[in-house]
>>> print(open('entry39.txt').read())   # compact mmCIF, C-alpha atoms and all ligand atoms
# COMPACT_ATOMS: atom_id res chain seq x y z
CA MET A 610 17.85 11.45 -20.00
CA ASN A 611 16.45 9.18 -17.36
CA ARG A 612 12.77 8.42 -16.99
CA LYS A 613 12.12 10.78 -14.11
CA GLN A 614 13.75 13.63 -16.00
CA ASN A 615 11.40 12.80 -18.87
CA ILE A 616 8.41 12.76 -16.57
CA ILE A 617 9.23 16.29 -15.41
CA LYS A 618 9.77 17.49 -18.98
CA THR A 619 6.49 15.97 -20.11
CA ALA A 620 4.62 17.47 -17.15
CA ILE A 621 6.05 20.88 -18.03
CA ASN A 622 5.21 20.48 -21.73
CA ILE A 623 1.59 19.68 -21.09
CA GLN A 624 1.39 22.36 -18.37
CA ALA A 625 0.27 19.83 -15.81
CA ILE A 626 1.40 22.25 -13.15
CA ASN A 627 0.06 25.74 -13.62
CA ASN A 628 -1.02 28.63 -11.46
CA ASP A 629 -4.21 26.97 -10.29
CA LEU A 630 -2.76 23.56 -9.75
CA THR A 631 0.46 23.43 -7.85
CA ALA A 632 1.13 19.80 -7.07
CA ILE A 633 0.41 16.61 -9.02
CA GLY A 634 0.82 12.90 -8.42
CA VAL A 635 2.16 10.77 -11.27
CA MET A 636 1.96 6.98 -11.56
CA ASP A 637 4.25 5.20 -14.04
CA LEU A 638 2.20 2.36 -15.52
CA ASP A 639 5.18 0.74 -17.26
CA GLY A 640 6.99 0.70 -13.93
CA LEU A 641 3.95 -0.86 -12.27
CA LYS A 642 3.80 -3.56 -14.91
CA LYS A 643 7.44 -4.42 -14.34
CA THR A 644 6.97 -4.50 -10.56
CA VAL A 645 4.03 -6.91 -10.83
CA SER A 646 5.97 -9.16 -13.17
CA ASP A 647 8.94 -9.09 -10.75
CA ALA A 648 6.56 -10.29 -8.02
CA TYR A 649 5.23 -13.13 -10.17
CA ASP A 650 8.73 -14.10 -11.33
CA ALA A 651 10.00 -14.33 -7.76
CA PHE A 652 7.39 -16.81 -6.51
CA PRO A 653 6.14 -20.15 -7.87
CA ALA A 654 2.77 -20.68 -9.56
CA ASN A 655 0.85 -21.54 -6.38
CA PHE A 656 1.25 -17.89 -5.27
CA PHE A 657 -1.45 -15.36 -6.19
CA HIS A 658 -0.69 -11.72 -5.50
CA THR A 659 -3.44 -9.33 -4.43
CA PHE A 660 -2.92 -5.59 -4.17
CA ALA A 661 -3.81 -3.83 -0.90
CA VAL A 662 -6.20 -1.23 -2.32
CA LYS A 663 -5.70 1.16 0.60
CA ALA A 664 -2.20 1.88 -0.74
CA ASN A 665 -3.56 3.45 -3.95
CA ALA A 666 -7.33 3.38 -4.34
CA LEU A 667 -7.61 4.83 -7.85
CA VAL A 668 -9.69 2.92 -10.38
CA LYS A 669 -7.31 3.90 -13.18
CA VAL A 670 -4.36 2.47 -11.29
CA LEU A 671 -6.22 -0.63 -10.09
CA THR A 672 -7.49 -1.48 -13.58
CA PRO A 673 -3.98 -1.92 -15.00
CA LEU A 674 -2.91 -3.79 -11.85
CA ARG A 675 -5.75 -6.23 -12.51
CA GLU A 676 -4.72 -6.51 -16.16
CA TYR A 677 -1.14 -7.25 -15.06
CA GLY A 678 -2.47 -10.19 -13.04
CA MET A 679 -3.17 -9.02 -9.52
CA GLY A 680 -6.19 -9.55 -7.27
CA ALA A 681 -7.44 -6.96 -4.77
CA GLU A 682 -7.34 -6.87 -0.97
CA VAL A 683 -9.91 -4.43 0.40
CA ALA A 684 -10.65 -3.23 3.91
CA SER A 685 -13.83 -1.17 3.64
CA PRO A 686 -17.05 -1.13 1.60
CA GLY A 687 -15.64 1.87 -0.29
CA GLU A 688 -12.52 -0.01 -1.29
CA LEU A 689 -14.68 -2.96 -2.33
CA LEU A 690 -16.75 -0.72 -4.64
CA ILE A 691 -13.59 0.79 -6.09
CA ALA A 692 -12.14 -2.69 -6.73
CA LEU A 693 -15.37 -3.89 -8.38
CA THR A 694 -15.43 -0.73 -10.51
CA ALA A 695 -11.86 -1.50 -11.58
CA GLY A 696 -13.18 -4.83 -12.85
CA PHE A 697 -11.85 -7.27 -10.26
CA SER A 698 -14.04 -10.35 -10.14
CA SER A 699 -15.45 -11.46 -6.81
CA GLN A 700 -13.23 -14.51 -6.57
CA ASN A 701 -10.12 -12.33 -6.90
CA ILE A 702 -11.05 -10.01 -4.03
CA ILE A 703 -10.26 -10.52 -0.33
CA PHE A 704 -12.08 -8.45 2.29
CA ASP A 705 -10.04 -7.74 5.45
CA SER A 706 -11.17 -5.24 8.02
CA PRO A 707 -11.36 -5.39 11.78
CA ALA A 708 -14.76 -3.66 11.71
CA LYS A 709 -16.91 -5.43 9.11
CA THR A 710 -20.61 -4.66 9.48
CA ILE A 711 -23.37 -7.22 8.93
CA GLN A 712 -23.89 -5.58 5.52
CA ASP A 713 -20.20 -5.97 4.63
CA LEU A 714 -20.23 -9.63 5.66
CA THR A 715 -23.48 -10.36 3.83
CA THR A 716 -22.13 -8.76 0.64
CA CYS A 717 -19.05 -10.98 0.82
CA ILE A 718 -20.88 -14.22 1.59
CA LYS A 719 -23.58 -13.62 -1.03
CA ASN A 720 -21.13 -12.70 -3.76
CA GLY A 721 -18.38 -15.22 -3.12
CA ILE A 722 -15.84 -12.65 -1.96
CA ALA A 723 -13.13 -14.11 0.26
CA LEU A 724 -12.84 -12.73 3.77
CA ASN A 725 -10.69 -13.10 6.82
CA ILE A 726 -12.47 -13.16 10.16
CA ASP A 727 -10.94 -10.84 12.72
CA ASN A 728 -12.49 -11.99 15.98
CA LEU A 729 -14.91 -14.36 17.72
CA GLN A 730 -17.87 -11.98 17.56
CA GLU A 731 -17.43 -11.74 13.81
CA LEU A 732 -17.29 -15.54 13.71
CA GLU A 733 -20.76 -15.67 15.32
CA ARG A 734 -22.12 -13.47 12.53
CA ILE A 735 -20.50 -15.64 9.87
CA ASP A 736 -21.92 -18.78 11.50
CA ALA A 737 -25.41 -17.32 11.10
CA LEU A 738 -24.73 -16.19 7.51
CA MET A 739 -23.40 -19.61 6.53
CA LEU A 740 -26.71 -21.14 7.65
CA GLU A 741 -28.48 -18.63 5.44
CA PHE A 742 -26.14 -19.05 2.44
CA PRO A 743 -24.77 -22.60 2.76
CA ASP A 744 -23.59 -22.66 -0.87
CA SER A 745 -21.49 -19.51 -0.57
CA LYS A 746 -18.33 -19.57 -2.64
CA SER A 747 -16.49 -17.26 -0.23
CA VAL A 748 -13.14 -18.60 0.88
CA ILE A 749 -13.16 -17.83 4.57
CA GLY A 750 -10.18 -17.70 6.88
CA PHE A 751 -9.26 -16.47 10.31
CA ARG A 752 -6.80 -13.64 10.75
CA VAL A 753 -4.31 -14.89 13.31
CA ASN A 754 -2.07 -12.62 15.32
CA PRO A 755 1.06 -14.67 16.06
CA GLN A 756 2.03 -12.09 18.72
CA ILE A 757 5.67 -12.02 17.71
CA GLY A 758 6.36 -8.36 18.42
CA ALA A 759 6.87 -5.07 16.63
CA GLY A 760 9.10 -3.85 13.83
CA LYS A 761 10.73 -0.42 13.82
CA ILE A 762 7.48 1.55 13.35
CA GLY A 763 4.89 0.96 16.09
CA SER A 764 1.93 2.26 14.10
CA THR A 765 2.48 -0.22 11.26
CA SER A 766 3.24 -3.26 13.47
CA THR A 767 0.21 -5.53 13.59
CA ALA A 768 1.59 -8.62 15.34
CA THR A 769 2.33 -7.24 18.78
CA ALA A 770 0.89 -8.92 21.88
CA THR A 771 -1.83 -6.27 22.19
CA SER A 772 -2.47 -5.53 18.50
CA LYS A 773 -6.04 -4.62 17.55
CA PHE A 774 -5.85 -7.06 14.63
CA GLY A 775 -6.82 -10.70 14.48
CA TYR A 776 -7.11 -13.57 16.92
CA ALA A 777 -4.40 -13.53 19.60
CA LEU A 778 -2.85 -16.95 19.17
CA ASN A 779 -0.90 -17.19 22.41
CA ASP A 780 -3.42 -15.85 24.92
CA ASN A 781 -4.98 -18.34 27.34
CA ASN A 782 -6.11 -21.48 25.55
CA ASN A 783 -6.61 -19.72 22.24
CA ARG A 784 -4.52 -22.06 20.11
CA ASN A 785 -6.57 -25.11 21.06
CA ASP A 786 -9.78 -23.15 20.83
CA LEU A 787 -8.91 -22.11 17.28
CA ILE A 788 -8.21 -25.71 16.28
CA ALA A 789 -11.65 -26.65 17.66
CA ILE A 790 -13.23 -23.76 15.74
CA TYR A 791 -11.78 -25.01 12.44
CA LYS A 792 -12.74 -28.61 13.25
CA LYS A 793 -16.41 -27.68 13.65
CA ARG A 794 -16.56 -25.59 10.47
CA PRO A 795 -15.63 -27.32 7.21
CA TRP A 796 -16.07 -24.00 5.39
CA LEU A 797 -13.05 -22.49 7.17
CA LYS A 798 -10.59 -23.17 4.36
CA SER A 799 -8.03 -20.45 4.77
CA ILE A 800 -5.78 -18.88 7.38
CA HIS A 801 -4.35 -15.37 7.37
CA THR A 802 -1.66 -13.27 8.98
CA HIS A 803 -0.22 -9.84 8.23
CA THR A 804 2.70 -9.03 10.51
CA GLY A 805 2.89 -5.37 9.62
CA SER A 806 4.04 -2.87 7.07
CA GLN A 807 7.10 -0.66 6.54
CA GLY A 808 9.63 -1.19 9.34
CA CYS A 809 9.08 -4.91 9.84
CA GLU A 810 12.18 -6.98 9.11
CA LEU A 811 11.74 -9.78 6.57
CA THR A 812 12.79 -12.26 9.26
CA LEU A 813 9.94 -11.06 11.51
CA MET A 814 7.45 -11.47 8.65
CA ALA A 815 8.80 -14.92 7.83
CA HIS A 816 8.55 -15.89 11.50
CA GLY A 817 4.85 -14.95 11.62
CA ILE A 818 4.18 -16.81 8.36
CA ASN A 819 6.00 -19.86 9.67
CA ILE A 820 3.79 -19.88 12.74
CA ILE A 821 0.52 -19.83 10.78
CA THR A 822 1.81 -22.41 8.29
CA GLU A 823 2.62 -24.79 11.14
CA LEU A 824 -0.75 -24.02 12.63
CA ALA A 825 -2.46 -24.85 9.31
CA GLU A 826 -0.61 -28.17 9.25
CA GLU A 827 -1.62 -28.90 12.83
CA ILE A 828 -5.28 -28.06 12.15
CA ASN A 829 -5.34 -30.23 9.03
CA ALA A 830 -3.66 -33.10 10.90
CA GLU A 831 -6.17 -32.80 13.73
CA ILE A 832 -9.07 -32.86 11.23
CA GLY A 833 -7.50 -35.70 9.28
CA SER A 834 -7.78 -34.07 5.85
CA GLN A 835 -6.56 -30.93 4.16
CA GLN A 836 -9.43 -28.62 5.11
CA ILE A 837 -7.18 -25.55 4.97
CA THR A 838 -6.11 -25.15 1.37
CA ARG A 839 -5.15 -21.49 1.33
CA ILE A 840 -2.58 -19.57 3.35
CA ASP A 841 -2.82 -15.79 3.12
CA ILE A 842 0.55 -14.37 4.15
CA GLY A 843 -0.39 -10.67 4.03
CA GLY A 844 1.71 -7.85 2.67
CA GLY A 845 4.22 -5.58 4.28
CA LEU A 846 7.31 -5.91 2.09
CA PRO A 847 9.28 -2.79 3.11
CA VAL A 848 10.33 -0.16 0.59
CA ASN A 849 13.72 1.55 0.42
CA PHE A 850 12.95 5.28 0.59
CA SER A 851 16.61 6.34 0.71
CA SER A 852 17.62 5.74 -2.93
CA GLU A 853 16.41 4.41 -6.27
CA VAL A 854 17.51 0.89 -5.35
CA ILE A 855 14.73 -1.68 -4.89
CA LYS A 856 15.73 -3.39 -1.68
CA PRO A 857 14.55 -5.81 -0.49
CA SER A 858 13.31 -7.18 -3.81
CA PHE A 859 10.50 -9.70 -4.19
CA LYS A 860 13.23 -12.21 -4.98
CA ASP A 861 15.03 -11.43 -1.68
CA TYR A 862 11.77 -12.03 0.15
CA ALA A 863 10.97 -15.21 -1.77
CA ASP A 864 14.46 -16.60 -1.11
CA LEU A 865 14.14 -15.97 2.61
CA LEU A 866 10.62 -17.41 2.78
CA LYS A 867 11.73 -20.45 0.86
CA ALA A 868 14.48 -21.06 3.38
CA GLU A 869 12.25 -20.42 6.42
CA VAL A 870 8.90 -21.85 5.28
CA PRO A 871 9.71 -24.30 2.45
CA LEU A 872 6.27 -25.90 2.62
CA LEU A 873 4.74 -22.81 0.97
CA PHE A 874 6.85 -23.54 -2.11
CA THR A 875 5.74 -27.15 -2.59
CA GLY A 876 2.33 -26.38 -4.09
CA LYS A 877 0.49 -28.04 -1.19
CA TYR A 878 -1.25 -24.75 -0.40
CA GLN A 879 -2.51 -21.90 -2.50
CA VAL A 880 -0.63 -18.90 -1.13
CA LYS A 881 -2.08 -15.37 -1.29
CA THR A 882 -0.07 -12.24 -0.73
CA GLU A 883 -1.38 -8.72 -0.09
CA PHE A 884 1.39 -6.35 -1.12
CA GLY A 885 0.60 -2.66 -1.15
CA ARG A 886 3.52 -0.30 -0.74
CA ALA A 887 6.05 -2.55 -2.49
CA ILE A 888 3.90 -2.54 -5.65
CA VAL A 889 3.21 1.17 -5.96
CA ALA A 890 5.61 3.30 -3.87
CA LYS A 891 8.53 3.42 -6.30
CA ASN A 892 6.27 3.81 -9.32
CA GLY A 893 4.84 7.13 -8.22
CA VAL A 894 6.11 10.65 -7.62
CA ILE A 895 4.71 13.98 -6.54
CA ILE A 896 5.74 17.04 -8.52
CA THR A 897 5.22 20.44 -6.97
CA ARG A 898 6.40 23.99 -7.56
CA VAL A 899 8.52 26.19 -5.32
CA GLU A 900 6.31 29.22 -4.65
CA TYR A 901 8.76 31.19 -2.49
CA THR A 902 12.17 30.85 -0.89
CA LYS A 903 13.64 32.60 2.12
CA ASN A 904 16.40 32.32 4.66
CA SER A 905 15.54 31.88 8.32
CA GLY A 906 18.23 31.49 10.94
CA GLY A 907 20.74 30.33 8.35
CA ARG A 908 18.34 27.77 6.87
CA HIS A 909 17.30 27.98 3.20
CA ILE A 910 13.54 27.41 3.10
CA ALA A 911 11.73 26.48 -0.09
CA THR A 912 7.95 26.63 0.27
CA THR A 913 6.03 24.29 -2.05
CA HIS A 914 2.44 23.04 -2.34
CA ALA A 915 3.05 19.45 -1.23
CA GLY A 916 2.76 19.04 2.51
CA ALA A 917 0.79 17.28 5.19
CA GLN A 918 -2.32 17.09 3.00
CA ILE A 919 -0.63 14.54 0.72
CA LEU A 920 2.54 13.64 2.66
CA THR A 921 0.71 13.01 5.89
CA ARG A 922 2.91 10.31 7.39
CA THR A 923 6.10 12.19 6.63
CA ALA A 924 4.81 15.48 8.02
CA PHE A 925 3.60 13.97 11.28
CA LEU A 926 6.24 11.25 11.77
CA PRO A 927 9.31 12.50 9.88
CA LYS A 928 11.72 10.12 11.61
CA SER A 929 9.71 7.05 10.60
CA TRP A 930 8.90 8.23 7.08
CA PRO A 931 11.84 10.22 5.67
CA ILE A 932 11.47 10.96 1.97
CA ARG A 933 13.77 12.08 -0.87
CA THR A 934 13.40 15.09 -3.12
CA THR A 935 15.07 16.24 -6.33
CA GLY A 936 14.96 19.82 -7.59
CA TYR A 937 14.48 20.84 -11.23
CA THR A 938 14.60 24.26 -12.85
CA ALA A 939 11.46 25.76 -14.36
CA GLU A 940 12.73 24.33 -17.69
CA GLY A 941 13.03 20.86 -16.20
CA ILE A 942 16.79 20.62 -15.77
CA GLU A 943 17.83 18.60 -12.74
CA LYS A 944 19.57 20.66 -10.07
CA THR A 945 22.89 19.15 -9.10
CA PRO A 946 25.91 20.23 -7.02
CA GLN A 947 27.57 20.99 -10.40
CA ASN A 948 25.01 23.58 -11.50
CA SER A 949 23.82 24.96 -8.11
CA ALA A 950 25.35 25.81 -4.75
CA VAL A 951 24.56 23.23 -2.08
CA VAL A 952 22.81 24.76 0.94
CA THR A 953 21.20 23.51 4.14
CA THR A 954 17.55 23.32 3.15
CA ASP A 955 14.05 22.69 4.49
CA VAL A 956 11.52 21.88 1.78
CA ALA A 957 8.22 23.03 3.22
CA GLY A 958 4.55 22.41 2.44
CA PRO A 959 1.62 24.85 2.36
CA CYS A 960 -0.08 23.93 5.65
CA CYS A 961 -0.13 26.20 8.67
CA PHE A 962 1.81 24.15 11.15
CA ALA A 963 5.55 24.13 11.67
CA GLY A 964 5.97 20.39 11.10
CA ASP A 965 4.64 20.66 7.55
CA LEU A 966 7.97 19.82 5.91
CA ILE A 967 8.79 17.39 3.12
CA CYS A 968 12.32 17.21 4.49
CA SER A 969 14.38 19.21 6.90
CA ASN A 970 18.04 20.13 7.35
CA GLN A 971 19.13 18.52 4.06
CA GLN A 972 22.16 19.48 1.99
CA LEU A 973 20.49 20.21 -1.37
CA PRO A 974 21.31 22.12 -4.55
CA LYS A 975 19.74 25.51 -3.89
CA LEU A 976 16.06 25.65 -4.80
CA GLU A 977 14.76 28.89 -6.34
CA ARG A 978 11.33 30.34 -6.98
CA ASN A 979 9.47 28.51 -9.80
CA ASP A 980 11.72 25.48 -9.55
CA TYR A 981 10.01 22.11 -9.39
CA VAL A 982 10.50 19.58 -6.64
CA MET A 983 9.98 15.88 -7.27
CA VAL A 984 9.11 13.88 -4.18
CA HIS A 985 10.17 10.29 -4.79
CA ASP A 986 8.59 6.96 -3.88
CA THR A 987 5.16 8.45 -3.25
CA GLY A 988 3.03 6.05 -5.32
CA GLY A 989 1.46 4.53 -2.20
CA TYR A 990 -0.22 6.10 0.83
CA TYR A 991 0.69 9.65 -0.23
CA PHE A 992 -1.11 11.63 -2.94
CA THR A 993 -3.95 9.11 -3.01
CA ASN A 994 -4.51 9.39 0.74
CA HIS A 995 -5.64 12.92 1.42
CA PHE A 996 -5.79 14.58 4.79
CA ASP A 997 -7.33 18.00 5.37
CA TYR A 998 -9.39 17.52 2.27
CA ASN A 999 -11.67 20.48 2.74
CA SER A 1000 -9.24 23.32 2.99
CA LEU A 1001 -6.83 22.01 0.36
CA PRO A 1002 -8.54 20.70 -2.77
CA ARG A 1003 -7.37 17.41 -4.14
CA VAL A 1004 -4.18 17.14 -6.08
CA ALA A 1005 -4.60 16.03 -9.71
CA VAL A 1006 -3.21 12.65 -10.67
CA TYR A 1007 -1.63 11.60 -13.95
CA THR A 1008 -0.40 8.36 -15.39
CA VAL A 1009 2.56 8.07 -17.72
CA ASN A 1010 3.44 5.22 -19.99
CA GLY A 1011 5.51 4.51 -23.06
CA PRO A 1012 9.21 4.57 -23.83
CA ASP A 1013 11.42 7.10 -21.98
CA ASP A 1014 11.73 9.54 -24.88
CA GLU A 1015 8.07 9.33 -25.89
CA LEU A 1016 6.11 9.41 -22.69
CA THR A 1017 2.35 9.74 -22.85
CA MET A 1018 0.86 11.54 -19.90
CA GLN A 1019 -2.81 11.39 -19.07
CA CYS A 1020 -4.86 13.07 -16.37
CA ILE A 1021 -6.83 10.43 -14.47
CA ARG A 1022 -8.12 12.61 -11.65
CA ALA A 1023 -8.57 16.33 -12.06
CA GLN A 1024 -7.98 18.83 -9.35
CA GLU A 1025 -11.09 19.89 -7.54
CA SER A 1026 -11.77 23.59 -7.64
CA LEU A 1027 -12.66 25.40 -4.45
CA ALA A 1028 -16.17 25.70 -5.88
CA ASP A 1029 -16.39 21.87 -6.16
CA VAL A 1030 -15.28 21.55 -2.57
CA LEU A 1031 -17.73 24.20 -1.36
CA SER A 1032 -20.61 22.57 -3.20
CA LYS A 1033 -20.13 19.47 -1.04
CA MET A 1034 -20.13 21.28 2.27
C1 LIG B 1101 -2.04 -2.56 4.95
C2 LIG B 1101 -2.23 -4.01 4.74
C3 LIG B 1101 -1.56 -4.66 3.71
C4 LIG B 1101 -0.55 -3.96 2.82
O1 LIG B 1101 0.57 -3.53 3.52
P1 LIG B 1101 1.82 -2.94 2.70
O2 LIG B 1101 2.79 -2.58 3.76
O3 LIG B 1101 1.34 -1.78 1.93
O4 LIG B 1101 2.33 -4.03 1.83
C5 LIG B 1101 -1.82 -6.00 3.50
N1 LIG B 1101 -2.69 -6.68 4.27
C6 LIG B 1101 -3.36 -6.08 5.29
C7 LIG B 1101 -4.31 -6.88 6.08
C8 LIG B 1101 -3.14 -4.74 5.55
O5 LIG B 1101 -3.80 -4.16 6.56
>>> encode(input="entry39.txt", output="structure tokens")
Amino acid sequence: MNRKQNIIKTAINIQAINNDLTAIGVMDLDGLKKTVSDAYDAFPANFFHTFAVKANALVKVLTPLREYGMGAEVASPGELLIALTAGFSSQNIIFDSPAKTIQDLTTCIKNGIALNIDNLQELERIDALMLEFPDSKSVIGFRVNPQIGAGKIGSTSTATATSKFGYALNDNNNRNDLIAIYKKRPWLKSIHTHTGSQGCELTLMAHGINIITELAEEINAEIGSQQITRIDIGGGLPVNFSSEVIKPSFKDYADLLKAEVPLLFTGKYQVKTEFGRAIVAKNGVIITRVEYTKNSGGRHIATTHAGAQILTRTAFLPKSWPIRTTGYTAEGIEKTPQNSAVVTTDVAGPCCFAGDLICSNQQLPKLERNDYVMVHDTGGYYFTNHFDYNSLPRVAVYTVNGPDDELTMQCIRAQESLADVLSKM
């Protein structure tokens, strides 16, 4: 039996899905550990990998990620608190956000948390704070937008000419201005770019990283010493949602970067990464139950409890975020073309709008009432990122670990009852 089959069986055995609770998220901690070690194995020792907390902001997932050797990249005071609660030390946290308040900036500078400056107005605030806290241990960089264009998904492309993120390198005289900015501020020791997430080709990411690496070299040459010691190359390694295959791998990415930006592999710079989706997506699944089935206009429709509230991107932008499902019987036996008729199927969610579908027009072994549906590759940006929180209480989250035939499953976040939700309103 494969691991996912075992996860379903274990979830059934412990009655993780019952009448009150009709969808759960599951994170595989052994899988996470392997993914982090794959990342470290692919890159040399001058690379330090931080995890983009927005992808899965659960303390009980972040704590093992820290133990496996990752730092944390955070983008809000809430994420910072979550990362600190998960035990990350200040020097292993990077704060990125385009909207940092004075309080956010002061917290970082006072506590030695690294940060990347988004814009010139933020720079003014940091200038003032550095006068107040001249001995700050914060490693401070500028987020640079190399303006190299979009990948396949507009909403996750952050290096377009008009992106809201970072300092637009090619506008007006910005390149020279930035060099002058670094020259005047010996505490600017880092430089940052993040080209985008899912949908950006590796070559586009490498191109953006090449541009900021050359810029770092130019700034250091202009200053006459190596003031910039850290290059933060962001995250964005895409995930294959169409099968179990991990493609591209961290090794694929490292090989391409090594060919395109060899300087990063010489040890001259400390290199930080900020992977999110590539760390967690394939180590998490959603399991939900088929409540009803029907036929409408020749389409077999299986209504489940996992929809836009936890599969938000897929429900609203199905073409950009297609996702795979596997059916299991109530006893946990995988449904295959050998044991079930294949029919044209929509797997639907519980929300009251027509687009609330996990997938549509798929040829799937026929789902029946009380079957389970596993939604694959949902360890990042899905069940941890709720939408419509009030009307649909949170989905419970479990971790699994241990060998395939002896999985241990533990609830790390309980479902909220409607009473819990009401008490907060
Ligand atoms: C979202 C984000 C990441 C992580 O992106 P993934 O696609 O999940 O790897 C990294 N850095 C920054 C600045 C981000 O905004």
>>> atom_distance(input="entry39.txt", atom1="atom CA of Phe992 of chain A", atom2="atom CA of Arg933 of chain A")
15.0 Å
>>> residues_around(input="entry39.txt", residues="segment 766-781 of chain A", least_positions_apart="2", cutoff="6 Å", atoms="all atoms listed in the file", output="PyMOL selection string")
chain A and resi 727-728+752-760+763-764+783-784+804-805
>>> residues_near_ligand(input="entry39.txt", ligand="ligand LIG 1101 (chain B)", cutoff="10 Å", atoms="only C-alpha atoms and all ligand atoms", output="ChimeraX atom specification")
/A:659-665,682-684,703-707,725,752,765-767,774-775,801-809,841-848,882-890,989-990
>>> residues_around(input="entry39.txt", residues="segment 1021-1024 of chain A", least_positions_apart="5", cutoff="8 Å", atoms="all atoms listed in the file", output="PDB file with C-alpha atoms, keeping the file's coordinate frame")
ATOM      1  CA  LEU A 630      -2.760  23.560  -9.750  1.00  0.00           C
ATOM      2  CA  LYS A 669      -7.310   3.900 -13.180  1.00  0.00           C
ATOM      3  CA  PRO A1002      -8.540  20.700  -2.770  1.00  0.00           C
ATOM      4  CA  ARG A1003      -7.370  17.410  -4.140  1.00  0.00           C
ATOM      5  CA  VAL A1004      -4.180  17.140  -6.080  1.00  0.00           C
ATOM      6  CA  ALA A1005      -4.600  16.030  -9.710  1.00  0.00           C
ATOM      7  CA  VAL A1006      -3.210  12.650 -10.670  1.00  0.00           C
ATOM      8  CA  TYR A1007      -1.630  11.600 -13.950  1.00  0.00           C
ATOM      9  CA  THR A1008      -0.400   8.360 -15.390  1.00  0.00           C
TER      10      THR A1008
END
>>> closest_residue(input="entry39.txt", among="A:Glu733, A:Gly916, A:Ala868, A:Gln614", to="Thr935 of chain A", atoms="all atoms listed in the file")
A:Gln614
>>> atom_distance(input="entry39.txt", atom1="atom CA of Phe962 of chain A", atom2="atom CA of Ile617 of chain A")
28.7 Å
>>> closest_residue(input="entry39.txt", among="A:Gly833, A:Gly721, A:Pro673, A:Pro653", to="Asn1010 of chain A", atoms="all atoms listed in the file")
A:Pro673
>>> closest_residue(input="entry39.txt", among="A:Gly964, A:Glu977, A:Ile840, A:Ile932", to="Thr902 of chain A", atoms="only C-alpha atoms")
A:Glu977
>>> closest_residue(input="entry39.txt", among="A:Glu943, A:Glu741, A:Asp980, A:Asp1013", to="Gly640 of chain A", atoms="all atoms listed in the file")
A:Asp1013
>>> residues_near_point(input="entry39.txt", point="(-14.8, -2.2, -17.4)", cutoff="12 Å", atoms="all atoms listed in the file", output="list in words")
Val668, Lys669, Leu671, Thr672, Pro673, Arg675, Glu676, Ile691, Ala692, Leu693, Thr694, Ala695, Gly696, Phe697 and Ser698 of chain A
>>> closest_residue(input="entry39.txt", among="A:Leu738, A:Cys1020, A:Leu1001, A:Ile702", to="Leu714 of chain A", atoms="all atoms listed in the file")
A:Leu738
>>> closest_residue(input="entry39.txt", among="A:Lys867, A:Arg922, A:His914, A:Lys881", to="Met983 of chain A", atoms="all atoms listed in the file")
A:His914
>>> residues_near_point(input="entry39.txt", point="(5.8, 7.7, -8.9)", cutoff="8 Å", atoms="only C-alpha atoms", output="VMD selection string")
chain A and resid 634 to 637 889 to 895 985 to 988
>>> atom_distance(input="entry39.txt", atom1="atom CA of Val952 of chain A", atom2="atom CA of Leu973 of chain A")
5.6 Å
>>> closest_atom_pairs(input="entry39.txt", of="segment 859-915 of chain A", to="segment 621-626 of chain A", cutoff="9 Å", atoms="all atoms listed in the file", output="Markdown table")
| residue | atom | partner | partner_atom | distance |
| --- | --- | --- | --- | --- |
| A:Ile896 | CA | A:Ile626 | CA | 8.2 |
| A:Thr897 | CA | A:Ile626 | CA | 7.5 |
| A:Arg898 | CA | A:Ile626 | CA | 7.7 |
>>> residues_around(input="entry39.txt", residues="Lys618 of chain A", least_positions_apart="6", cutoff="9 Å", atoms="only C-alpha atoms", output="compact mmCIF listing (two decimals) with C-alpha atoms, keeping the file's coordinate frame")
# COMPACT_ATOMS: atom_id res chain seq x y z
CA GLU A 940 12.73 24.33 -17.69
CA GLY A 941 13.03 20.86 -16.20
CA ILE A 942 16.79 20.62 -15.77
>>> residues_around(input="entry39.txt", residues="Asn819 of chain A", least_positions_apart="2", cutoff="10 Å", atoms="all atoms listed in the file", output="mmCIF file with C-alpha atoms, in the frame of the given file")
data_model
loop_
_atom_site.group_PDB
_atom_site.id
_atom_site.type_symbol
_atom_site.label_atom_id
_atom_site.label_comp_id
_atom_site.auth_asym_id
_atom_site.auth_seq_id
_atom_site.Cartn_x
_atom_site.Cartn_y
_atom_site.Cartn_z
ATOM 1 C CA PRO A 755 1.060 -14.670 16.060
ATOM 2 C CA LEU A 813 9.940 -11.060 11.510
ATOM 3 C CA MET A 814 7.450 -11.470 8.650
ATOM 4 C CA ALA A 815 8.800 -14.920 7.830
ATOM 5 C CA HIS A 816 8.550 -15.890 11.500
ATOM 6 C CA GLY A 817 4.850 -14.950 11.620
ATOM 7 C CA ILE A 821 0.520 -19.830 10.780
ATOM 8 C CA THR A 822 1.810 -22.410 8.290
ATOM 9 C CA GLU A 823 2.620 -24.790 11.140
ATOM 10 C CA LEU A 824 -0.750 -24.020 12.630
ATOM 11 C CA ALA A 825 -2.460 -24.850 9.310
ATOM 12 C CA ILE A 842 0.550 -14.370 4.150
ATOM 13 C CA LEU A 866 10.620 -17.410 2.780
ATOM 14 C CA GLU A 869 12.250 -20.420 6.420
ATOM 15 C CA VAL A 870 8.900 -21.850 5.280
ATOM 16 C CA PRO A 871 9.710 -24.300 2.450
ATOM 17 C CA LEU A 872 6.270 -25.900 2.620
ATOM 18 C CA LEU A 873 4.740 -22.810 0.970
#
>>> decode(input="entry39.txt", residues="segment 843-849 of chain A", atoms="C-alpha atoms", output="compact mmCIF listing (two decimals), in the first residue's frame")
# COMPACT_ATOMS: atom_id res chain seq x y z
CA GLY A 843 13.44 34.77 -3.11
CA GLY A 844 11.27 31.73 -3.62
CA GLY A 845 8.91 30.74 -6.36
CA LEU A 846 10.08 27.28 -7.39
CA PRO A 847 7.00 25.99 -9.26
CA VAL A 848 5.22 22.81 -8.24
CA ASN A 849 3.92 20.11 -10.59
